[in-house]
file run36.pdb (PDB, C-alpha atoms, pLDDT in the B column)
ATOM      1  CA  MET A   1      33.320 -25.915  16.630  1.00 47.00           C
ATOM      2  CA  ALA A   2      34.086 -23.684  13.656  1.00 49.00           C
ATOM      3  CA  ARG A   3      31.673 -21.118  15.053  1.00 50.00           C
ATOM      4  CA  GLN A   4      33.442 -21.158  18.423  1.00 54.00           C
ATOM      5  CA  LEU A   5      36.986 -20.982  17.040  1.00 51.00           C
ATOM      6  CA  ASP A   6      36.440 -18.444  14.287  1.00 61.00           C
ATOM      7  CA  GLY A   7      33.516 -16.506  15.761  1.00 61.00           C
ATOM      8  CA  MET A   8      31.398 -17.325  12.717  1.00 62.00           C
ATOM      9  CA  THR A   9      27.619 -17.273  12.612  1.00 65.00           C
ATOM     10  CA  PHE A  10      25.671 -20.330  11.521  1.00 54.00           C
ATOM     11  CA  GLU A  11      24.792 -18.533   8.285  1.00 61.00           C
ATOM     12  CA  GLU A  12      28.471 -17.885   7.549  1.00 63.00           C
ATOM     13  CA  VAL A  13      29.386 -21.515   8.207  1.00 59.00           C
ATOM     14  CA  ARG A  14      26.447 -22.674   6.091  1.00 56.00           C
ATOM     15  CA  ASP A  15      27.456 -20.483   3.175  1.00 64.00           C
ATOM     16  CA  ARG A  16      31.081 -21.601   3.400  1.00 67.00           C
ATOM     17  CA  VAL A  17      30.108 -25.285   3.357  1.00 58.00           C
ATOM     18  CA  GLY A  18      27.680 -24.628   0.506  1.00 62.00           C
ATOM     19  CA  ASN A  19      25.639 -27.166  -1.417  1.00 66.00           C
ATOM     20  CA  SER A  20      26.657 -30.784  -1.597  1.00 59.00           C
ATOM     21  CA  GLY A  21      25.512 -33.883  -3.395  1.00 55.00           C
ATOM     22  CA  GLY A  22      23.627 -31.981  -6.070  1.00 51.00           C
ATOM     23  CA  ARG A  23      21.173 -30.465  -3.587  1.00 57.00           C
ATOM     24  CA  PHE A  24      19.414 -27.193  -4.267  1.00 61.00           C
ATOM     25  CA  LYS A  25      19.768 -26.073  -0.632  1.00 65.00           C
ATOM     26  CA  PRO A  26      22.916 -25.641   1.454  1.00 65.00           C
ATOM     27  CA  ILE A  27      23.727 -29.015   2.983  1.00 63.00           C
ATOM     28  CA  LEU A  28      23.621 -27.656   6.555  1.00 55.00           C
ATOM     29  CA  ASP A  29      20.058 -26.446   5.967  1.00 56.00           C
ATOM     30  CA  VAL A  30      19.198 -30.004   4.974  1.00 59.00           C
ATOM     31  CA  ILE A  31      20.848 -31.465   8.083  1.00 59.00           C
ATOM     32  CA  TRP A  32      19.485 -28.810  10.464  1.00 63.00           C
ATOM     33  CA  PRO A  33      16.415 -27.354   8.763  1.00 73.00           C
ATOM     34  CA  SER A  34      14.826 -24.168  10.060  1.00 86.00           C
ATOM     35  CA  TRP A  35      11.544 -25.010  11.798  1.00 91.00           C
ATOM     36  CA  THR A  36      10.065 -21.665  10.813  1.00 92.00           C
ATOM     37  CA  GLU A  37      10.963 -22.103   7.148  1.00 94.00           C
ATOM     38  CA  GLN A  38       9.521 -25.613   7.167  1.00 94.00           C
ATOM     39  CA  GLU A  39       6.251 -24.392   8.645  1.00 95.00           C
ATOM     40  CA  LYS A  40       6.059 -21.443   6.268  1.00 96.00           C
ATOM     41  CA  ASP A  41       6.408 -23.907   3.392  1.00 96.00           C
ATOM     42  CA  ARG A  42       3.704 -26.130   4.896  1.00 95.00           C
ATOM     43  CA  LEU A  43       1.338 -23.172   5.218  1.00 96.00           C
ATOM     44  CA  CYS A  44       1.995 -21.939   1.677  1.00 96.00           C
ATOM     45  CA  LEU A  45       1.441 -25.364   0.141  1.00 95.00           C
ATOM     46  CA  THR A  46      -1.785 -25.860   2.108  1.00 94.00           C
ATOM     47  CA  LEU A  47      -3.236 -22.471   1.195  1.00 93.00           C
ATOM     48  CA  LYS A  48      -2.253 -22.736  -2.463  1.00 91.00           C
ATOM     49  CA  ALA A  49      -3.923 -26.144  -2.717  1.00 89.00           C
ATOM     50  CA  SER A  50      -7.077 -24.811  -1.043  1.00 85.00           C
ATOM     51  CA  ILE A  51      -7.299 -21.838  -3.378  1.00 82.00           C
ATOM     52  CA  THR A  52      -6.685 -23.972  -6.468  1.00 77.00           C
ATOM     53  CA  ASN A  53      -9.292 -26.567  -5.488  1.00 70.00           C
ATOM     54  CA  LYS A  54     -11.915 -23.913  -4.724  1.00 70.00           C
ATOM     55  CA  ASN A  55     -11.073 -21.742  -7.755  1.00 66.00           C
ATOM     56  CA  ILE A  56     -10.747 -18.783  -5.402  1.00 76.00           C
ATOM     57  CA  GLU A  57      -9.756 -15.469  -6.917  1.00 77.00           C
ATOM     58  CA  GLY A  58      -8.084 -12.524  -5.253  1.00 77.00           C
ATOM     59  CA  LEU A  59      -5.106 -14.331  -3.735  1.00 86.00           C
ATOM     60  CA  SER A  60      -1.755 -14.744  -5.424  1.00 90.00           C
ATOM     61  CA  GLU A  61       1.197 -16.914  -4.514  1.00 91.00           C
ATOM     62  CA  ALA A  62       3.030 -13.727  -3.528  1.00 93.00           C
ATOM     63  CA  ASP A  63       0.170 -12.843  -1.145  1.00 95.00           C
ATOM     64  CA  ILE A  64       0.417 -16.228   0.541  1.00 95.00           C
ATOM     65  CA  GLN A  65       4.182 -16.025   0.889  1.00 96.00           C
ATOM     66  CA  ALA A  66       3.904 -12.515   2.325  1.00 97.00           C
ATOM     67  CA  PHE A  67       1.321 -13.768   4.823  1.00 97.00           C
ATOM     68  CA  ALA A  68       3.622 -16.587   5.939  1.00 97.00           C
ATOM     69  CA  GLY A  69       6.413 -14.066   6.414  1.00 97.00           C
ATOM     70  CA  PHE A  70       4.084 -11.801   8.394  1.00 98.00           C
ATOM     71  CA  LEU A  71       3.212 -14.635  10.786  1.00 98.00           C
ATOM     72  CA  ALA A  72       6.890 -15.374  11.367  1.00 96.00           C
ATOM     73  CA  ASP A  73       7.865 -11.724  11.787  1.00 96.00           C
ATOM     74  CA  GLU A  74       5.012 -11.005  14.218  1.00 97.00           C
ATOM     75  CA  GLY A  75       5.708 -14.055  16.375  1.00 96.00           C
ATOM     76  CA  LEU A  76       2.350 -15.645  15.519  1.00 97.00           C
ATOM     77  CA  SER A  77       3.759 -19.165  15.574  1.00 96.00           C
ATOM     78  CA  ALA A  78       0.542 -20.571  17.044  1.00 96.00           C
ATOM     79  CA  PHE A  79      -0.850 -20.426  13.506  1.00 98.00           C
ATOM     80  CA  PHE A  80       1.932 -22.745  12.326  1.00 97.00           C
ATOM     81  CA  TRP A  81       1.562 -25.054  15.328  1.00 97.00           C
ATOM     82  CA  ARG A  82      -2.178 -25.466  14.848  1.00 97.00           C
ATOM     83  CA  LEU A  83      -1.737 -26.378  11.195  1.00 97.00           C
ATOM     84  CA  LYS A  84       0.993 -28.898  12.003  1.00 96.00           C
ATOM     85  CA  SER A  85      -1.060 -30.438  14.817  1.00 96.00           C
ATOM     86  CA  PHE A  86      -4.147 -30.660  12.624  1.00 96.00           C
ATOM     87  CA  GLU A  87      -2.220 -32.436   9.877  1.00 94.00           C
ATOM     88  CA  ASP A  88      -0.748 -34.827  12.441  1.00 93.00           C
ATOM     89  CA  HIS A  89      -4.246 -35.724  13.613  1.00 93.00           C
ATOM     90  CA  VAL A  90      -5.467 -36.160  10.027  1.00 91.00           C
ATOM     91  CA  PHE A  91      -2.617 -38.324   8.746  1.00 86.00           C
ATOM     92  CA  ARG A  92      -1.175 -39.918  11.885  1.00 80.00           C
ATOM     93  CA  GLY A  93      -4.093 -39.937  14.279  1.00 71.00           C
ATOM     94  CA  ASN A  94      -5.779 -42.767  16.150  1.00 78.00           C
ATOM     95  CA  GLU A  95      -9.393 -43.422  17.120  1.00 78.00           C
ATOM     96  CA  PHE A  96      -9.373 -40.143  19.053  1.00 86.00           C
ATOM     97  CA  ALA A  97      -8.162 -38.074  16.085  1.00 91.00           C
ATOM     98  CA  LEU A  98     -11.504 -36.306  15.596  1.00 92.00           C
ATOM     99  CA  GLU A  99     -11.284 -34.904  19.121  1.00 92.00           C
ATOM    100  CA  GLY A 100      -7.846 -33.552  18.319  1.00 93.00           C
ATOM    101  CA  MET A 101      -9.036 -32.074  15.026  1.00 95.00           C
ATOM    102  CA  ARG A 102     -11.928 -30.288  16.722  1.00 95.00           C
ATOM    103  CA  SER A 103      -9.556 -28.900  19.335  1.00 95.00           C
ATOM    104  CA  ASP A 104      -7.105 -27.747  16.663  1.00 96.00           C
ATOM    105  CA  LEU A 105      -9.931 -26.107  14.741  1.00 97.00           C
ATOM    106  CA  GLN A 106     -11.047 -24.101  17.752  1.00 96.00           C
ATOM    107  CA  GLY A 107      -7.436 -23.258  18.553  1.00 97.00           C
ATOM    108  CA  MET A 108      -6.928 -22.009  15.005  1.00 98.00           C
ATOM    109  CA  ALA A 109      -9.969 -19.747  15.396  1.00 97.00           C
ATOM    110  CA  VAL A 110      -8.200 -18.126  18.347  1.00 97.00           C
ATOM    111  CA  ALA A 111      -5.029 -17.822  16.253  1.00 98.00           C
ATOM    112  CA  VAL A 112      -7.062 -16.091  13.527  1.00 98.00           C
ATOM    113  CA  GLU A 113      -8.197 -13.499  16.058  1.00 98.00           C
ATOM    114  CA  HIS A 114      -4.578 -12.938  17.070  1.00 98.00           C
ATOM    115  CA  VAL A 115      -3.736 -12.321  13.408  1.00 98.00           C
ATOM    116  CA  VAL A 116      -6.534  -9.769  13.032  1.00 98.00           C
ATOM    117  CA  ALA A 117      -5.415  -8.064  16.244  1.00 98.00           C
ATOM    118  CA  ALA A 118      -1.864  -7.844  14.891  1.00 98.00           C
ATOM    119  CA  LEU A 119      -3.325  -6.238  11.763  1.00 98.00           C
ATOM    120  CA  GLY A 120      -4.929  -3.471  13.801  1.00 97.00           C
ATOM    121  CA  GLY A 121      -8.153  -4.888  15.228  1.00 97.00           C
ATOM    122  CA  THR A 122      -8.647  -3.590  18.771  1.00 97.00           C
ATOM    123  CA  GLU A 123     -12.259  -4.515  19.549  1.00 97.00           C
ATOM    124  CA  THR A 124     -13.003  -7.267  22.058  1.00 95.00           C
ATOM    125  CA  GLN A 125     -14.694  -9.644  19.590  1.00 96.00           C
ATOM    126  CA  LEU A 126     -13.347 -11.019  16.339  1.00 97.00           C
ATOM    127  CA  TYR A 127     -16.442  -9.962  14.378  1.00 97.00           C
ATOM    128  CA  GLU A 128     -16.006  -6.347  15.480  1.00 97.00           C
ATOM    129  CA  LYS A 129     -12.308  -6.514  14.664  1.00 98.00           C
ATOM    130  CA  TYR A 130     -13.285  -7.515  11.124  1.00 98.00           C
ATOM    131  CA  LYS A 131     -15.449  -4.427  10.787  1.00 97.00           C
ATOM    132  CA  GLN A 132     -12.534  -2.297  11.941  1.00 97.00           C
ATOM    133  CA  VAL A 133      -9.959  -3.533   9.461  1.00 97.00           C
ATOM    134  CA  TRP A 134     -12.094  -4.441   6.441  1.00 98.00           C
ATOM    135  CA  LYS A 135     -12.898  -1.578   4.063  1.00 96.00           C
ATOM    136  CA  ASP A 136     -14.005  -3.489   0.974  1.00 97.00           C
ATOM    137  CA  PRO A 137     -17.604  -2.266   0.571  1.00 97.00           C
ATOM    138  CA  GLU A 138     -18.983  -5.594  -0.648  1.00 97.00           C
ATOM    139  CA  VAL A 139     -17.518  -7.688   2.166  1.00 97.00           C
ATOM    140  CA  LEU A 140     -18.122  -5.060   4.841  1.00 98.00           C
ATOM    141  CA  GLY A 141     -21.682  -4.530   3.644  1.00 97.00           C
ATOM    142  CA  ILE A 142     -22.467  -8.225   4.115  1.00 98.00           C
ATOM    143  CA  LEU A 143     -20.881  -8.311   7.576  1.00 97.00           C
ATOM    144  CA  LYS A 144     -22.996  -5.353   8.692  1.00 97.00           C
ATOM    145  CA  ARG A 145     -26.297  -6.816   7.513  1.00 97.00           C
ATOM    146  CA  GLY A 146     -28.840  -7.614  10.177  1.00 96.00           C
ATOM    147  CA  ASN A 147     -29.477 -11.100   8.817  1.00 96.00           C
ATOM    148  CA  VAL A 148     -25.774 -12.036   8.706  1.00 97.00           C
ATOM    149  CA  SER A 149     -24.447 -10.990  12.103  1.00 96.00           C
ATOM    150  CA  PRO A 150     -26.679 -13.497  13.974  1.00 96.00           C
ATOM    151  CA  LEU A 151     -25.205 -16.335  11.901  1.00 97.00           C
ATOM    152  CA  ALA A 152     -21.874 -15.576  13.511  1.00 95.00           C
ATOM    153  CA  ARG A 153     -23.074 -14.615  16.967  1.00 94.00           C
ATOM    154  CA  GLN A 154     -26.302 -16.290  18.113  1.00 93.00           C
ATOM    155  CA  GLU A 155     -25.383 -19.326  20.171  1.00 90.00           C
ATOM    156  CA  ARG A 156     -28.731 -21.084  19.778  1.00 92.00           C
ATOM    157  CA  LEU A 157     -28.276 -21.351  15.995  1.00 93.00           C
ATOM    158  CA  ALA A 158     -25.392 -23.770  16.533  1.00 90.00           C
ATOM    159  CA  GLN A 159     -27.921 -26.263  17.891  1.00 91.00           C
ATOM    160  CA  HIS A 160     -28.948 -26.736  14.255  1.00 94.00           C
ATOM    161  CA  TRP A 161     -25.413 -26.962  12.905  1.00 95.00           C
ATOM    162  CA  PRO A 162     -26.108 -28.325   9.374  1.00 96.00           C
ATOM    163  CA  ALA A 163     -28.755 -25.656   8.766  1.00 97.00           C
ATOM    164  CA  LEU A 164     -26.450 -22.936  10.084  1.00 97.00           C
ATOM    165  CA  LYS A 165     -23.617 -24.036   7.808  1.00 97.00           C
ATOM    166  CA  ALA A 166     -25.995 -24.029   4.846  1.00 97.00           C
ATOM    167  CA  GLN A 167     -27.128 -20.477   5.633  1.00 97.00           C
ATOM    168  CA  ILE A 168     -23.557 -19.243   5.884  1.00 97.00           C
ATOM    169  CA  ASP A 169     -22.563 -21.096   2.730  1.00 97.00           C
ATOM    170  CA  ALA A 170     -25.430 -19.430   0.847  1.00 97.00           C
ATOM    171  CA  LEU A 171     -23.609 -16.111   1.250  1.00 97.00           C
ATOM    172  CA  ARG A 172     -20.995 -17.343  -1.223  1.00 95.00           C
ATOM    173  CA  LYS A 173     -23.419 -16.762  -4.091  1.00 95.00           C
ATOM    174  CA  GLU A 174     -23.231 -13.004  -3.526  1.00 96.00           C
ATOM    175  CA  THR A 175     -20.533 -10.621  -4.675  1.00 95.00           C
ATOM    176  CA  GLY A 176     -17.998 -10.555  -1.869  1.00 95.00           C
ATOM    177  CA  GLY A 177     -19.865 -13.389  -0.199  1.00 96.00           C
ATOM    178  CA  ALA A 178     -17.133 -16.014  -0.491  1.00 94.00           C
ATOM    179  CA  VAL A 179     -14.827 -13.975   1.723  1.00 96.00           C
ATOM    180  CA  ALA A 180     -17.638 -12.864   4.029  1.00 97.00           C
ATOM    181  CA  ALA A 181     -18.713 -16.477   4.569  1.00 97.00           C
ATOM    182  CA  ASP A 182     -15.164 -17.415   5.588  1.00 97.00           C
ATOM    183  CA  LEU A 183     -15.085 -14.535   8.070  1.00 98.00           C
ATOM    184  CA  VAL A 184     -18.488 -15.424   9.516  1.00 98.00           C
ATOM    185  CA  ILE A 185     -17.641 -19.084  10.078  1.00 97.00           C
ATOM    186  CA  ALA A 186     -14.333 -18.104  11.688  1.00 97.00           C
ATOM    187  CA  HIS A 187     -16.134 -15.942  14.237  1.00 97.00           C
ATOM    188  CA  ARG A 188     -18.764 -18.621  14.791  1.00 97.00           C
ATOM    189  CA  ILE A 189     -16.082 -21.163  15.712  1.00 97.00           C
ATOM    190  CA  ARG A 190     -14.099 -18.602  17.729  1.00 96.00           C
ATOM    191  CA  GLY A 191     -17.167 -17.660  19.732  1.00 93.00           C
ATOM    192  CA  GLY A 192     -17.957 -21.281  20.515  1.00 91.00           C
ATOM    193  CA  VAL A 193     -14.602 -22.387  21.915  1.00 90.00           C
ATOM    194  CA  HIS A 194     -16.167 -22.950  25.343  1.00 89.00           C
ATOM    195  CA  THR A 195     -18.451 -25.657  23.923  1.00 90.00           C
ATOM    196  CA  ILE A 196     -17.839 -28.838  21.930  1.00 88.00           C
ATOM    197  CA  LEU A 197     -17.913 -28.186  18.201  1.00 91.00           C
ATOM    198  CA  PRO A 198     -20.920 -30.111  16.806  1.00 92.00           C
ATOM    199  CA  GLU A 199     -19.045 -31.591  13.847  1.00 93.00           C
ATOM    200  CA  ASP A 200     -18.144 -35.284  13.485  1.00 91.00           C
ATOM    201  CA  ASP A 201     -17.273 -35.479   9.794  1.00 93.00           C
ATOM    202  CA  GLN A 202     -13.526 -35.484   9.160  1.00 93.00           C
ATOM    203  CA  PHE A 203     -13.831 -33.985   5.690  1.00 94.00           C
ATOM    204  CA  GLU A 204     -16.012 -31.187   7.031  1.00 96.00           C
ATOM    205  CA  LEU A 205     -13.468 -30.492   9.763  1.00 96.00           C
ATOM    206  CA  GLU A 206     -10.737 -30.276   7.129  1.00 95.00           C
ATOM    207  CA  ALA A 207     -12.839 -27.886   5.042  1.00 95.00           C
ATOM    208  CA  LEU A 208     -13.567 -25.719   8.081  1.00 97.00           C
ATOM    209  CA  PHE A 209      -9.887 -25.583   8.981  1.00 97.00           C
ATOM    210  CA  LEU A 210      -9.034 -24.312   5.506  1.00 96.00           C
ATOM    211  CA  THR A 211     -11.844 -21.777   5.836  1.00 96.00           C
ATOM    212  CA  LEU A 212     -10.203 -20.339   8.953  1.00 97.00           C
ATOM    213  CA  MET A 213      -6.848 -20.119   7.208  1.00 97.00           C
ATOM    214  CA  ARG A 214      -8.423 -18.272   4.289  1.00 96.00           C
ATOM    215  CA  ALA A 215     -10.192 -15.865   6.659  1.00 97.00           C
ATOM    216  CA  ALA A 216      -6.814 -14.881   8.079  1.00 98.00           C
ATOM    217  CA  VAL A 217      -4.963 -14.525   4.786  1.00 97.00           C
ATOM    218  CA  PHE A 218      -7.820 -12.605   3.119  1.00 96.00           C
ATOM    219  CA  THR A 219      -7.822 -10.156   6.028  1.00 98.00           C
ATOM    220  CA  PHE A 220      -4.056  -9.772   5.760  1.00 98.00           C
ATOM    221  CA  VAL A 221      -4.323  -9.001   2.044  1.00 96.00           C
ATOM    222  CA  GLU A 222      -7.145  -6.514   2.654  1.00 97.00           C
ATOM    223  CA  VAL A 223      -5.185  -4.599   5.294  1.00 97.00           C
ATOM    224  CA  ARG A 224      -2.122  -4.529   3.070  1.00 95.00           C
ATOM    225  CA  ARG A 225      -4.259  -3.245   0.182  1.00 94.00           C
ATOM    226  CA  ILE A 226      -5.546  -0.396   2.330  1.00 93.00           C
ATOM    227  CA  GLU A 227      -2.037   0.464   3.495  1.00 92.00           C
ATOM    228  CA  ASN A 228      -0.841   0.609  -0.106  1.00 90.00           C
ATOM    229  CA  LEU A 229      -3.690   2.962  -0.995  1.00 88.00           C
ATOM    230  CA  LYS A 230      -2.629   5.301   1.804  1.00 85.00           C
ATOM    231  CA  LYS A 231       0.936   5.524   0.582  1.00 80.00           C
ATOM    232  CA  PRO A 232       1.612   8.773  -1.268  1.00 76.00           C
ATOM    233  CA  SER A 233       2.006   8.212  -4.947  1.00 66.00           C
ATOM    234  CA  ARG A 234       5.342   9.072  -6.449  1.00 61.00           C
ATOM    235  CA  PRO A 235       5.261  12.284  -8.463  1.00 57.00           C
ATOM    236  CA  ILE A 236       5.477  11.793 -12.175  1.00 53.00           C
ATOM    237  CA  GLU A 237       8.784  13.087 -13.389  1.00 54.00           C
ATOM    238  CA  THR A 238       8.546  15.231 -16.447  1.00 49.00           C
ATOM    239  CA  ILE A 239      11.385  15.571 -18.832  1.00 45.00           C
ATOM    240  CA  THR A 240      11.773  18.941 -20.427  1.00 49.00           C
ATOM    241  CA  SER A 241      14.103  19.771 -23.215  1.00 46.00           C
ATOM    242  CA  ASN A 242      15.355  23.147 -24.290  1.00 51.00           C
ATOM    243  CA  ASP A 243      15.052  23.881 -27.943  1.00 48.00           C
ATOM    244  CA  SER A 244      18.369  24.913 -29.317  1.00 43.00           C
TER     245      SER A 244
END

call {"tool": "encode", "arguments": {"input": "run36.pdb", "output": "C-alpha cells"}}
result
Amino acid sequence: MARQLDGMTFEEVRDRVGNSGGRFKPILDVIWPSWTEQEKDRLCLTLKASITNKNIEGLSEADIQAFAGFLADEGLSAFFWRLKSFEDHVFRGNEFALEGMRSDLQGMAVAVEHVVAALGGTETQLYEKYKQVWKDPEVLGILKRGNVSPLARQERLAQHWPALKAQIDALRKETGGAVAADLVIAHRIRGGVHTILPEDDQFELEALFLTLMRAAVFTFVEVRRIENLKKPSRPIETITSNDS
C-alpha cells in the first residue's frame, strides 16, 4: 500500500522499515526473501564446501561469488534450479529419488553447456566449446590429447562405466588434470543425455553433480582471467621534481 500511495519502490520501503528484532537483514527481506539471492547463497555454500573437501586450489570465495552473480545477470537460472532440485531429491526424496537425481545431473550438464556458451563458446559440442574458451596450456593440452578426447566422446566406453570413470579420474594426477577431468566428465554426461546414466550409487551421483558445478565455475574463472590479461595495463605515473 505504501508503494501505491507514495510511489515508492520495494527497495525504498525495505530501507525505510529497516532491520527489526536484532536481525542482520532488513526485516522485509526476511519476510519476502529474494529467490535469486537465496539460490546464489545455496550455490556459493555448495561450491565452497566441495572445494574445501577436495582441497582444490585455484578458486577463491570471490571467484565463486562472482560466478553466482554471472549466472543471475546472464539469466542462467536453470543452473540454480537444477541444484535446488538435486538437493530436494537428496534430502527429501522418496524411493524414486535416484531417478530424479540422474535426471537433474543430466540437466545440469546441459546447463553447464549454456554457461560455456554465454562465456563465448560457439561450437556445436561442449567439448569443442571448451577448446575455444580455455587457454591454459596444461588444461588445453590434456583436452587435445588423442587418448583423452575418446573418454569424453566415445559412446561405447560408457558401457563399462566404472572403468571409464577410473580412466578419467586418473587424469587428476597430472598437472592441470584435476580441472581437465571435471571438463571431460561434464561432456561425457552432456553427450549421453539421450540415454539412461549408468550410475546407481547416490554418493557417486552427488560427487558427479559437484564435478559439473566445478567444470562451470573453473571455465568462468579461466575466461575472466583471459579477459583481464587483455585489458591494457595502466601506465605507471612518474613523479618528477624540479630542483630548486

call {"tool": "residues_around", "arguments": {"input": "run36.pdb", "residues": "stretch 173-185 of chain A", "least_positions_apart": "5", "cutoff": "7 Å", "atoms": "all atoms listed in the file", "output": "list in words"}}
result
Glu138, Val139, Ile142, Leu143, Ala152, Ile168, Thr211, Leu212, Arg214 and Ala215 of chain A

call {"tool": "resolve_selection", "arguments": {"input": "run36.pdb", "expression": "the PyMOL selection byres ((chain A and resi 41) around 12)", "output": "list in words"}}
result
Pro33, Ser34, Trp35, Thr36, Glu37, Gln38, Glu39, Lys40, Arg42, Leu43, Cys44, Leu45, Thr46, Leu47, Lys48, Glu61, Ile64, Gln65, Ala66, Phe67, Ala68, Gly69, Ala72, Phe80, Leu83 and Lys84 of chain A

call {"tool": "resolve_selection", "arguments": {"input": "run36.pdb", "expression": "the PyMOL selection byres ((chain A and resi 100-112) around 10)", "output": "ChimeraX atom specification"}}
result
/A:76-90,93-94,96-99,113-118,126,183,185-200,202,205-206,208-217,219

call {"tool": "axis_aligned_box", "arguments": {"input": "run36.pdb", "around": "stretch 217-223 of chain A", "padding_each_side": "8 Å", "output": "AutoDock Vina command-line options"}}
result
--center_x -5.9 --center_y -9.6 --center_z 4.0 --size_x 19.8 --size_y 25.9 --size_z 20.0

call {"tool": "atom_distance", "arguments": {"input": "run36.pdb", "atom1": "atom CA of A:Gly121", "atom2": "atom CA of A:Leu229"}}
result
18.6 Å

call {"tool": "atom_distance", "arguments": {"input": "run36.pdb", "atom1": "atom CA of A:Arg225", "atom2": "atom CA of A:Lys144"}}
result
20.7 Å

call {"tool": "atom_distance", "arguments": {"input": "run36.pdb", "atom1": "atom CA of A:His160", "atom2": "atom CA of A:Tyr130"}}
result
25.0 Å
